[in-house]
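To keep things clear, I will list the structure first and then write my remarks on it.
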Amino acid sequence: MNTPIDLMSAITGPAASGPSDHRWFPPGTHITVRGLTKRFGATTLYENFNLDIPRGQLISIFGPNGCGKSTLINMMSGILPIDGGEVLFDGKALRDTRIGYVFQNYREAMFPWLRAIDNLRYPLKFLKLSKAEKDARVERMIARFDVKIDLHRYPYELSGGQQQMVSIMRALIVDPEVLFMDEPFSALDYEMTLFMREQLQKVFMETRTTTLLVSHDLEEAVHLADKILLLTRKPTHVADYISFDAPRPRDTATLSTPEFVRVKAHSLEVFQREVRKP
């Protein structure tokens with residue numbers, strides 16, 4: 001279970017991930033991962049893993065069960081310590097980077113003793129802003145998501161989709177440089193999932209925040225992404241890194257376009273090959 005300290009360090013910027021310099025910085029790259037290593041006992045999950053994330057794109061992460069999709073973003077965001085390598089953001093260490101994080105389990109991520117509006121406001125306590133500036137951010141976020149619910153209710157009085165919407169708003173209210181999302185829609189019903197995908201795209205088009213989305217749903221992974229990062233079985237490396245250039249906003253009609261069908265089919269072929277690998 002993520003504690004409030006875990007959550008707030010993820011939102012406002014936790015400890016450093018490595019030395020800050022400008023090595024390995026291809027043009028247009030926002031996040032640079034080099035030599036990343038992670039072991040759990042005798043099991044090596046990642047070893048000498050390298051990755052470049054472009055600025056202002058939404059990257060979905062998809063792969064076999066146990067390959068470390070969530071572990072990857074947890075290491076990149078500083079929630080989970082790494083055993084080797086480094087992660088740089090514009091050549092900066094993590095401690096110098098403002099990030100947002102949306103957890104899969106909204107029930108554990110929300111503070112049950114705070115009303116929804118106070119959950120939304122909470123990370124602003126860590127920013128040097130005037131009360132007027134904080135109030136303005138809250139109002140902008142409510143307007144951006146076209147919130148119709150009563151935010152003065154407690155989390156247990158809200159539906160799962162409503163709680164996750166507040167969690168996403170809370171991650172974005174700090175104007176993060178990078179947004180991490182760990183299967184944020186997996187616990188929602190289909191109607192709410194479609195709504196939240198629409199809202200995420202709307203906000204992404206407005207802000208162009210570099211976003212990493214872990215998904216267990218291949219259709220979702222392709223539909224939302226500018227690039228799909230396909231991972232292998234452990235020890236994990238990149239199986240493929242595919243672009244999907246469909247215009248936004250994307251709706252259900254996108255799912256039947258030739259390019260979507262092609263990219264999804266290729267992704268499925270890579271996935272099945274990796275799963276069947278001995």
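Residue numbering restarts at 1 in every chain; chains get A, B, ... in the order shown in the structure tokens, and ligands count up from 1 in that same order.
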DSSP on the backbone: what in region 145-187 of chain A comes out alpha helix (DSSP H), as a short mmCIF file (atom, residue, chain, number, x, y, z; two decimals) with C-alpha atoms, in the first residue's frame?
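Final file, states08.cif:
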data_model
loop_
_atom_site.label_atom_id
_atom_site.label_comp_id
_atom_site.auth_asym_id
_atom_site.auth_seq_id
_atom_site.Cartn_x
_atom_site.Cartn_y
_atom_site.Cartn_z
CA GLY A 160 -14.54 4.41 -8.40
CA GLY A 161 -14.45 6.45 -11.60
CA GLN A 162 -15.04 9.67 -9.68
CA GLN A 163 -12.25 8.82 -7.24
CA GLN A 164 -9.84 8.06 -10.09
CA MET A 165 -10.78 11.31 -11.81
CA VAL A 166 -9.83 13.21 -8.65
CA SER A 167 -6.57 11.24 -8.48
CA ILE A 168 -5.71 12.20 -12.06
CA MET A 169 -6.62 15.84 -11.41
CA ARG A 170 -4.42 15.81 -8.30
CA ALA A 171 -1.45 14.49 -10.28
CA LEU A 172 -1.89 17.21 -12.91
#
### Message
Can you tell me which residues surround Met110 (chain A) at a distance of at most 10 Å, considering only C-alpha atoms, apart from same-chain residues fewer than 5 positions away, and format the answer as a ChimeraX atom specification?
### Response
/A:2,4,7,103,105,115-116,119-120,154-156,163-164,166-167,170
With N, CA and C atoms retained, write the just-selected residues as a CSV table (one decimal), in the first residue's frame.
chain,number,residue,atom,x,y,z
A,2,ASN,N,0.5,2.2,-0.8
A,2,ASN,CA,1.3,3.4,-0.9
A,2,ASN,C,0.9,4.4,0.3
A,4,PRO,N,1.0,8.1,2.4
A,4,PRO,CA,0.9,9.5,1.9
A,4,PRO,C,2.3,10.0,1.6
A,7,LEU,N,3.1,8.8,-1.9
A,7,LEU,CA,2.3,9.5,-2.9
A,7,LEU,C,2.8,10.9,-3.1
A,103,PHE,N,-1.9,6.2,-9.5
A,103,PHE,CA,-1.8,4.8,-9.1
A,103,PHE,C,-3.0,4.1,-9.7
A,105,ASN,N,-4.7,1.7,-8.0
A,105,ASN,CA,-5.7,1.5,-7.0
A,105,ASN,C,-6.1,2.8,-6.4
A,115,ARG,N,-11.8,15.4,2.3
A,115,ARG,CA,-12.8,15.5,1.2
A,115,ARG,C,-12.1,15.5,-0.1
A,116,ALA,N,-12.9,15.2,-1.2
A,116,ALA,CA,-12.3,15.2,-2.5
A,116,ALA,C,-11.6,16.5,-2.9
A,119,ASN,N,-8.3,16.5,-1.1
A,119,ASN,CA,-7.4,15.6,-1.8
A,119,ASN,C,-6.7,16.3,-3.0
A,120,LEU,N,-7.6,17.0,-3.8
A,120,LEU,CA,-7.1,17.7,-5.0
A,120,LEU,C,-6.1,18.8,-4.6
A,154,TYR,N,-16.6,12.9,0.7
A,154,TYR,CA,-15.4,12.1,1.0
A,154,TYR,C,-15.3,11.0,0.0
A,155,PRO,N,-14.1,10.5,-0.2
A,155,PRO,CA,-13.8,9.5,-1.2
A,155,PRO,C,-14.8,8.3,-1.2
A,156,TYR,N,-15.1,7.9,0.0
A,156,TYR,CA,-16.0,6.7,0.1
A,156,TYR,C,-17.4,7.0,-0.4
A,163,GLN,N,-13.5,8.8,-8.0
A,163,GLN,CA,-12.2,8.8,-7.2
A,163,GLN,C,-11.0,8.9,-8.1
A,164,GLN,N,-11.0,8.1,-9.2
A,164,GLN,CA,-9.8,8.1,-10.1
A,164,GLN,C,-9.7,9.4,-10.8
A,166,VAL,N,-10.5,12.3,-9.6
A,166,VAL,CA,-9.8,13.2,-8.6
A,166,VAL,C,-8.3,12.9,-8.5
A,167,SER,N,-8.0,11.6,-8.6
A,167,SER,CA,-6.6,11.2,-8.5
A,167,SER,C,-5.8,11.8,-9.7
A,170,ARG,N,-5.4,15.5,-9.3
A,170,ARG,CA,-4.4,15.8,-8.3
A,170,ARG,C,-3.0,15.7,-8.8
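Distance-wise, CA of His266 (chain A) and CA of Ser60 (chain A) end up 15.0 Å apart.
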### Exercise: Arg208 (chain A) partners within 9 Å, only C-alpha atoms, chain neighbours under 2 positions left out, as a list in words
Arg55, Gly56, Gln57, Leu58, Val203, Phe204, Met205, Glu206, Thr210 and Thr211 of chain A
Include C-alpha atoms and write out the residues we just selected as a PDB file, in the first residue's frame.
ATOM      1  CA  ARG A  55       9.251  15.109 -25.168  1.00  0.00           C
ATOM      2  CA  GLY A  56       5.553  15.878 -25.275  1.00  0.00           C
ATOM      3  CA  GLN A  57       4.387  12.421 -26.310  1.00  0.00           C
ATOM      4  CA  LEU A  58       2.166   9.831 -24.689  1.00  0.00           C
ATOM      5  CA  VAL A 203      -5.861  17.358 -21.130  1.00  0.00           C
ATOM      6  CA  PHE A 204      -2.905  15.868 -23.008  1.00  0.00           C
ATOM      7  CA  MET A 205      -3.742  17.896 -26.125  1.00  0.00           C
ATOM      8  CA  GLU A 206      -3.863  21.063 -24.006  1.00  0.00           C
ATOM      9  CA  THR A 210       5.240  13.843 -21.443  1.00  0.00           C
ATOM     10  CA  THR A 211       3.168  10.859 -20.272  1.00  0.00           C
TER      11      THR A 211
END
Determine, for each residue of region 86-143 of chain A having at least one atom at most 10 Å from an atom of region 33-48 of chain A, the closest pair of atoms and their separation in Å to one decimal, counting only C-alpha atoms; order by chain and ascending number, as CSV.
residue,atom,partner,partner_atom,distance
A:Glu86,CA,A:Arg34,CA,5.6
A:Val87,CA,A:Val33,CA,4.6
A:Leu88,CA,A:Val33,CA,6.6
A:Phe89,CA,A:Val33,CA,9.0
Atoms to include: N, CA and C atoms. Write the selected residues as an mmCIF file, in the first residue's frame.
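Output below, filename out_4.cif:
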data_model
loop_
_atom_site.group_PDB
_atom_site.id
_atom_site.type_symbol
_atom_site.label_atom_id
_atom_site.label_comp_id
_atom_site.auth_asym_id
_atom_site.auth_seq_id
_atom_site.Cartn_x
_atom_site.Cartn_y
_atom_site.Cartn_z
ATOM 1 N N GLU A 86 20.990 4.936 -14.384
ATOM 2 C CA GLU A 86 20.476 6.258 -14.038
ATOM 3 C C GLU A 86 19.322 6.641 -14.945
ATOM 4 N N VAL A 87 18.500 7.565 -14.421
ATOM 5 C CA VAL A 87 17.381 8.131 -15.157
ATOM 6 C C VAL A 87 17.527 9.644 -15.105
ATOM 7 N N LEU A 88 17.527 10.269 -16.270
ATOM 8 C CA LEU A 88 17.689 11.718 -16.356
ATOM 9 C C LEU A 88 16.494 12.330 -17.070
ATOM 10 N N PHE A 89 16.106 13.510 -16.617
ATOM 11 C CA PHE A 89 14.992 14.254 -17.190
ATOM 12 C C PHE A 89 15.546 15.575 -17.720
#
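Proximity of A:Phe145, A:Trp113, A:Ile99, A:Val261 to Glu157 (chain A), computed with only C-alpha atoms, is greatest for A:Trp113.
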### Message
Please extract the residues of region 21-269 of chain A with a backbone DSSP assignment of strand (DSSP E or B) and present them as a ChimeraX atom specification.
### Response
/A:29-40,43-54,58-62,84-89,92,99-102,178-182,210-214,227-231,236,238-243
### Task
Quick one: everything within 9 Å of Val214 (chain A), counting only C-alpha atoms, minus sequence neighbours fewer than 3 positions away in the same chain. Send it as a list in words.
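Skipping anything fewer than 3 positions along the chain leaves Ile59, Ser60, Ile61, Phe62, Lys69, Ser70, Ile73, Phe180, Met181, Asp182, Glu183, Pro184 and Ala221 of chain A.
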### Task
Can you work out the spacing between CA of Ile173 (chain A) and CA of Pro112 (chain A) in Å, to one decimal?
19.2 Å
